[in-house]
Amino acid sequence: MTTGEMNIELKDIRFHYGKITALDGVDLTLGEGACGLLGPNGAGKSTLLRILLGFLNPAQGEGRVLGYDIRKDQFLIRRSVGYMPEDDCLIPGMDAVTFTAYFGELSGMPRQEAMKRAHDVLFYVGLGESRYRLLETYSAGMKQRLKLAQALVHDPKLLFLDEPTSNLDPQGRTEILDLIKDISLKKDIQVLVSSHILTDIEFTCSHVVILNKGKVAAQGELEALKEIQFSLYELRTKGETAGFLKGLKDKGCRVEKTEDELMKIYMPADLSRTEIFRTAALENVQIRYFIKSRTSLEDLFAETVGVD
Amino acid sequence: MPIAERGYAHWDGTFVERRFPWWPITRLGIRLAFKRKFFKPVFAISLAPAVFFLAGIYMSERIEDFQFMFRGRNGNRLLGVDPAFFKTYFTFDTVLFLMVMLMVLAGAGLISDDLKFNSLQLYFSRPLRKRDYWLGKMATASFFLLTVTLVPGLLFILFKIIFSGSFKFLADYPWIPLSVAGYSLLATLFFALYTLLISSLSKNRRYVSILLFLVYIFSDVFFGIFYGIFHEPAFCLLSIKCDLQQVGAFIFRVRPQYDVPWIYSFLVLTAICSLSGFVLKRKIRGVEVIK
């Protein structure tokens with residue numbers, strides 16, 4: 001693949017579980033760099049990953065992963081892609097080296113090379129010392145690392161990570177995130193991280209795709225998205241605010257009130273902040289405190305998906 | 001725990017196209033079976049009937065030397081190596097029971113463990129077809145089953161020729177090797193599919209083991225009860241053991257024990273195999289899709 005080519009291109013992907021629509025016309029274009037796939041539970045993140053891997057066939061639409069057709073070239077995709085599932089996955093009775101080498105072999109690596117590579121990858125993910133231990137005795141953090149090792153063993157060009165930090169303690173979470181960042185920044189491996197933990201995505205990814213109710217709610221460079229999508233202001237007021245809030249909502253703003261009566265106003269990018277003052281003046285509301293807040297991914301997520 | 005004790009290096013090798021992509025699955029299955037508690041002794045015991053029958057072949061050729069063991073009996077007739085001898089071995093209650101025991105220990109977890117530990121999605125995130133996975137698991141079960149069917153059967157023929165020093169046996173029964181191969185493959189296919197069917201029904205290996213054992217035993221118990229009450233031989237179709245014995249009798253051209261056409265027994269076995277295929281097709285998938 002040459003620079004500038006897209007790793008993932010999806011066009012109008014639709015998928016249903018019976019009567020439930022999981023993906024509803026997803027259009028997606030992802031290039032290089034780590035990308036976060038965000039969305040609330042049931043947004044369609046895992047379904048999208050499974051379609052990209054060929055586990056599920058979309059009801060409609062077309063797509064390419066690393067230039068391969070998602071319907072016709074599933075074998076070639078799976079050979080070039082590493083997948084770290086969300087659930088704990090192991091084979092009882094095996095040690096980490098045999099386990100990792102086994103999946104390398106199933107990916108098409110020669111047996112000896114798969115074994116050698118398994119050792120290298122296990123050292124890389126920090127399981128070097130415990131690579132001969134039975135998998136049943138591994139802790140949650142070690143199982144996560146093991147899943148990462150089996151996803152890396154065949155040296156994929158693209159890595160799909162489904163909730164990579166689930167069930168981890170803060171220390172384990174930090175270590176896995178460090179690994180993901182290291183892989184995506186220094187190892188020429190494109191990473192697609194699906195998660196609903198916003199800080200994980202913010203830490204590891206430069207691009208983000210937000211899914212909501214099976215649709216792409218926002219996608220692009222994380223920093224740019226935070227700027228373009230909206231401006232966030234925090235203010236405190238005095239006086240009856242019902243009319244003021246209604247006025248702001250009519251202008252397309254979303255308003256949240258925190259427990260300590262702080263108002264957070266998500267303002268559309270094309271609207272000037274003077275509108276806030278104009279509305280306040282119109283509704284006889286005094287603004288006692290006003291600050292332009294720094295937007296986080298959490299704010300972007302809240303604004304896009306419409307949840308706190 | 002330190003991260004990246006060694007740096008990540010890209011792999012510069014090339015992928016190979018395997019003629020049998022399922023072979024690593026089979027190899028692992030066999031290896032893991034031998035690691036299981038009690039498996040080695042049971043596997044050794046399952047070979048004991050074959051050794052016993054081999055001894056019988058030797059004795060049949062040296063009947064004069066062993067006459068003292070058959071006082072008052074017709075030793076020649078007892079140890080005659082003919083199609084009935086083969087049918088007796090292959091449909092011997094003990095041999096069939098040991099085949100079930102082998103499957104209980106080596107086959108129960110073949111699919112249930114993968115379901116329990118979510119490893120199916122790891123398999124299918126590799127360039128692997130459902131067929132390859134299925135064949136890999138089938139071949140694991142078949143390996144153990146063939147060691148107590150096809151391998152002893154062929155050894156019996158070979159040793160009969162060696163001990164007798166002539167090919168008269170093969171000249172008399174030229175179809176015997178085909179019958180041995182045919183019955184071995186049938187019994188192996190049946191038990192392998194029976195094992196995979198039950199293994200795919202539960203995520204708990206213990207339940208699968210118990211079920212494998214109970215279905216086999218109780219099918220025979222029910223036959224015994226109904227046959228005892230109604231004296232109707234058709235009830236033999238209820239028993240997996242009797243079905244195999246009926247089909248075995250046909251394959252080795254021996255009169256079947258029950259007066260029921262062998263084809264009915266064959267159809268019962270085929271139905272179980274088809275059910276297995278149907279269930280496996282639904283159960284084996286990369287993701288659990290709940291509709």
# chains A, B, ... in the order shown; residues from 1 in each chain; ligands from 1
call {"tool": "residues_around", "arguments": {"residues": "Leu10 (chain A)", "least_positions_apart": "5", "cutoff": "6 Å", "atoms": "only C-alpha atoms", "output": "JSON, numbers by chain"}}
result
{"A": [27, 28, 63]}
call {"tool": "interface_residues", "arguments": {"of": "chain A", "to": "chain B", "cutoff": "7 Å", "atoms": "only C-alpha atoms", "output": "list of chain:residue names"}}
result
A:Tyr17, A:Gly18, A:Leu53, A:Phe55, A:Phe75, A:Arg78, A:Arg79, A:Tyr83, A:Asp87, A:Asp88, A:Cys89, A:Leu90, A:Ile91, A:Gly93, A:Leu106, A:Ser107, A:Gly108, A:Met109, A:Pro110, A:Phe123, A:Tyr124, A:Val125, A:Gly126, A:Asp155, A:Glu175
call {"tool": "atom_distance", "arguments": {"atom1": "CA of Phe144 (chain B)", "atom2": "CA of Ala187 (chain B)"}}
result
11.8 Å
call {"tool": "residues_around", "arguments": {"residues": "Lys186 (chain A)", "least_positions_apart": "3", "cutoff": "12 Å", "atoms": "only C-alpha atoms", "output": "PDB file with N, CA and C atoms, in the first residue's frame"}}
result
ATOM      1  N   GLY A  33      -2.518   6.213  10.656  1.00  0.00           N
ATOM      2  CA  GLY A  33      -2.599   6.712  12.024  1.00  0.00           C
ATOM      3  C   GLY A  33      -3.607   5.926  12.837  1.00  0.00           C
ATOM      4  N   ALA A  34      -3.476   6.028  14.136  1.00  0.00           N
ATOM      5  CA  ALA A  34      -4.398   5.300  15.011  1.00  0.00           C
ATOM      6  C   ALA A  34      -5.762   5.968  14.993  1.00  0.00           C
ATOM      7  N   ASP A 178      -0.104   2.204  26.676  1.00  0.00           N
ATOM      8  CA  ASP A 178       1.265   2.536  26.253  1.00  0.00           C
ATOM      9  C   ASP A 178       1.685   1.660  25.083  1.00  0.00           C
ATOM     10  N   LEU A 179       1.344   0.381  25.191  1.00  0.00           N
ATOM     11  CA  LEU A 179       1.690  -0.545  24.105  1.00  0.00           C
ATOM     12  C   LEU A 179       1.003  -0.153  22.801  1.00  0.00           C
ATOM     13  N   ILE A 180      -0.272   0.154  22.916  1.00  0.00           N
ATOM     14  CA  ILE A 180      -1.033   0.515  21.711  1.00  0.00           C
ATOM     15  C   ILE A 180      -0.442   1.768  21.067  1.00  0.00           C
ATOM     16  N   LYS A 181      -0.106   2.717  21.914  1.00  0.00           N
ATOM     17  CA  LYS A 181       0.477   3.958  21.396  1.00  0.00           C
ATOM     18  C   LYS A 181       1.819   3.670  20.725  1.00  0.00           C
ATOM     19  N   ASP A 182       2.597   2.817  21.361  1.00  0.00           N
ATOM     20  CA  ASP A 182       3.902   2.463  20.804  1.00  0.00           C
ATOM     21  C   ASP A 182       3.746   1.785  19.435  1.00  0.00           C
ATOM     22  N   ILE A 183       2.783   0.869  19.356  1.00  0.00           N
ATOM     23  CA  ILE A 183       2.556   0.151  18.101  1.00  0.00           C
ATOM     24  C   ILE A 183       2.128   1.120  17.004  1.00  0.00           C
ATOM     25  N   ILE A 189       2.163   0.149  12.073  1.00  0.00           N
ATOM     26  CA  ILE A 189       0.960  -0.676  12.069  1.00  0.00           C
ATOM     27  C   ILE A 189      -0.225   0.261  12.331  1.00  0.00           C
ATOM     28  N   GLN A 190      -1.185   0.225  11.427  1.00  0.00           N
ATOM     29  CA  GLN A 190      -2.361   1.074  11.613  1.00  0.00           C
ATOM     30  C   GLN A 190      -3.263   0.414  12.654  1.00  0.00           C
ATOM     31  N   VAL A 191      -3.796   1.216  13.536  1.00  0.00           N
ATOM     32  CA  VAL A 191      -4.583   0.648  14.630  1.00  0.00           C
ATOM     33  C   VAL A 191      -5.994   1.242  14.619  1.00  0.00           C
TER      34      VAL A 191
ATOM     35  N   GLY B   7      12.235  -4.707  21.823  1.00  0.00           N
ATOM     36  CA  GLY B   7      11.476  -3.909  20.863  1.00  0.00           C
ATOM     37  C   GLY B   7      10.726  -4.779  19.871  1.00  0.00           C
ATOM     38  N   TYR B   8       9.800  -4.166  19.199  1.00  0.00           N
ATOM     39  CA  TYR B   8       9.013  -4.877  18.203  1.00  0.00           C
ATOM     40  C   TYR B   8       9.775  -4.873  16.894  1.00  0.00           C
ATOM     41  N   ALA B   9       9.874  -6.025  16.279  1.00  0.00           N
ATOM     42  CA  ALA B   9      10.528  -6.100  14.973  1.00  0.00           C
ATOM     43  C   ALA B   9       9.536  -6.680  13.985  1.00  0.00           C
ATOM     44  N   HIS B  10       9.531  -6.144  12.781  1.00  0.00           N
ATOM     45  CA  HIS B  10       8.630  -6.689  11.760  1.00  0.00           C
ATOM     46  C   HIS B  10       9.108  -8.054  11.318  1.00  0.00           C
TER      47      HIS B  10
END
call {"tool": "residues_around", "arguments": {"residues": "region 246-255 of chain B", "least_positions_apart": "2", "cutoff": "7 Å", "atoms": "only C-alpha atoms", "output": "PyMOL selection string"}}
result
chain B and resi 83-84+87+91+179+183+242-244+257+262+265-266
call {"tool": "write_last_selection", "arguments": {"atoms": "C-alpha atoms", "output": "PDB file, in the first residue's frame"}}
result
ATOM      1  CA  PRO B  83     -15.071 -62.544   8.561  1.00  0.00           C
ATOM      2  CA  ALA B  84     -16.909 -63.356  11.800  1.00  0.00           C
ATOM      3  CA  LYS B  87     -16.972 -58.626  12.896  1.00  0.00           C
ATOM      4  CA  THR B  91     -18.566 -54.767  17.075  1.00  0.00           C
ATOM      5  CA  SER B 179     -14.796 -54.295   4.708  1.00  0.00           C
ATOM      6  CA  TYR B 183     -16.509 -50.336   8.688  1.00  0.00           C
ATOM      7  CA  CYS B 242     -26.871 -52.454  18.145  1.00  0.00           C
ATOM      8  CA  ASP B 243     -27.067 -50.188  15.106  1.00  0.00           C
ATOM      9  CA  LEU B 244     -23.304 -50.390  14.696  1.00  0.00           C
ATOM     10  CA  GLN B 257     -27.907 -60.618  15.588  1.00  0.00           C
ATOM     11  CA  TRP B 262     -29.337 -53.469   8.337  1.00  0.00           C
ATOM     12  CA  SER B 265     -29.696 -49.207  11.417  1.00  0.00           C
ATOM     13  CA  PHE B 266     -27.601 -47.480   8.788  1.00  0.00           C
TER      14      PHE B 266
END
call {"tool": "atom_distance", "arguments": {"atom1": "CA of Ala242 (chain A)", "atom2": "CA of Tyr289 (chain A)"}}
result
17.9 Å
call {"tool": "closest_residue", "arguments": {"among": "A:Leu37, A:Leu76, A:Leu146, A:Ile276", "to": "Leu161 (chain A)", "atoms": "only C-alpha atoms"}}
result
A:Leu37
call {"tool": "residues_around", "arguments": {"residues": "Lys264 (chain A)", "least_positions_apart": "2", "cutoff": "8 Å", "atoms": "only C-alpha atoms", "output": "PyMOL selection string"}}
result
chain A and resi 232-235+255-258+262+266
call {"tool": "write_last_selection", "arguments": {"atoms": "C-alpha atoms", "output": "tab-separated table (two decimals), in the first residue's frame"}}
result
chain	number	residue	atom	x	y	z
A	232	LEU	CA	-17.96	25.14	24.57
A	233	TYR	CA	-18.66	27.91	27.05
A	234	GLU	CA	-19.16	27.72	30.77
A	235	LEU	CA	-21.19	30.36	32.58
A	255	VAL	CA	-27.14	23.33	27.31
A	256	GLU	CA	-26.15	21.25	30.30
A	257	LYS	CA	-26.33	22.22	33.93
A	258	THR	CA	-23.89	20.76	36.41
A	262	LEU	CA	-22.59	25.81	36.18
A	266	TYR	CA	-22.26	23.67	23.32
call {"tool": "closest_atom_pairs", "arguments": {"of": "region 131-203 of chain B", "to": "region 100-105 of chain B", "cutoff": "12 Å", "atoms": "only C-alpha atoms", "output": "Markdown table"}}
result
| residue | atom | partner | partner_atom | distance |
| --- | --- | --- | --- | --- |
| B:Lys137 | CA | B:Met103 | CA | 11.9 |
| B:Met138 | CA | B:Met103 | CA | 11.3 |
| B:Thr140 | CA | B:Met103 | CA | 10.0 |
| B:Ala141 | CA | B:Met103 | CA | 6.9 |
| B:Ser142 | CA | B:Met103 | CA | 9.6 |
| B:Phe143 | CA | B:Leu102 | CA | 10.7 |
| B:Phe144 | CA | B:Leu102 | CA | 7.2 |
| B:Leu145 | CA | B:Leu102 | CA | 7.7 |
| B:Leu146 | CA | B:Leu102 | CA | 11.2 |
| B:Thr147 | CA | B:Leu102 | CA | 10.7 |
| B:Val148 | CA | B:Leu102 | CA | 9.8 |
| B:Ala187 | CA | B:Val100 | CA | 11.0 |
| B:Thr188 | CA | B:Met103 | CA | 10.7 |
| B:Phe190 | CA | B:Val100 | CA | 11.1 |
| B:Phe191 | CA | B:Val100 | CA | 7.6 |
| B:Ala192 | CA | B:Met103 | CA | 7.9 |
| B:Leu193 | CA | B:Met103 | CA | 10.6 |
| B:Tyr194 | CA | B:Met103 | CA | 9.3 |
| B:Thr195 | CA | B:Met103 | CA | 6.5 |
| B:Leu196 | CA | B:Met103 | CA | 9.5 |
| B:Leu197 | CA | B:Met103 | CA | 11.8 |
| B:Ile198 | CA | B:Val104 | CA | 10.4 |
| B:Ser199 | CA | B:Val104 | CA | 9.7 |
call {"tool": "residues_around", "arguments": {"residues": "Pro164 (chain A)", "least_positions_apart": "5", "cutoff": "10 Å", "atoms": "only C-alpha atoms", "output": "ChimeraX atom specification"}}
result
/A:84-87,144-145,147-148,173,176-177,180,193-195,197,200
call {"tool": "residues_around", "arguments": {"residues": "Gly165 (chain B)", "least_positions_apart": "5", "cutoff": "10 Å", "atoms": "only C-alpha atoms", "output": "list in words"}}
result
Glu61, Phe159 and Lys160 of chain B
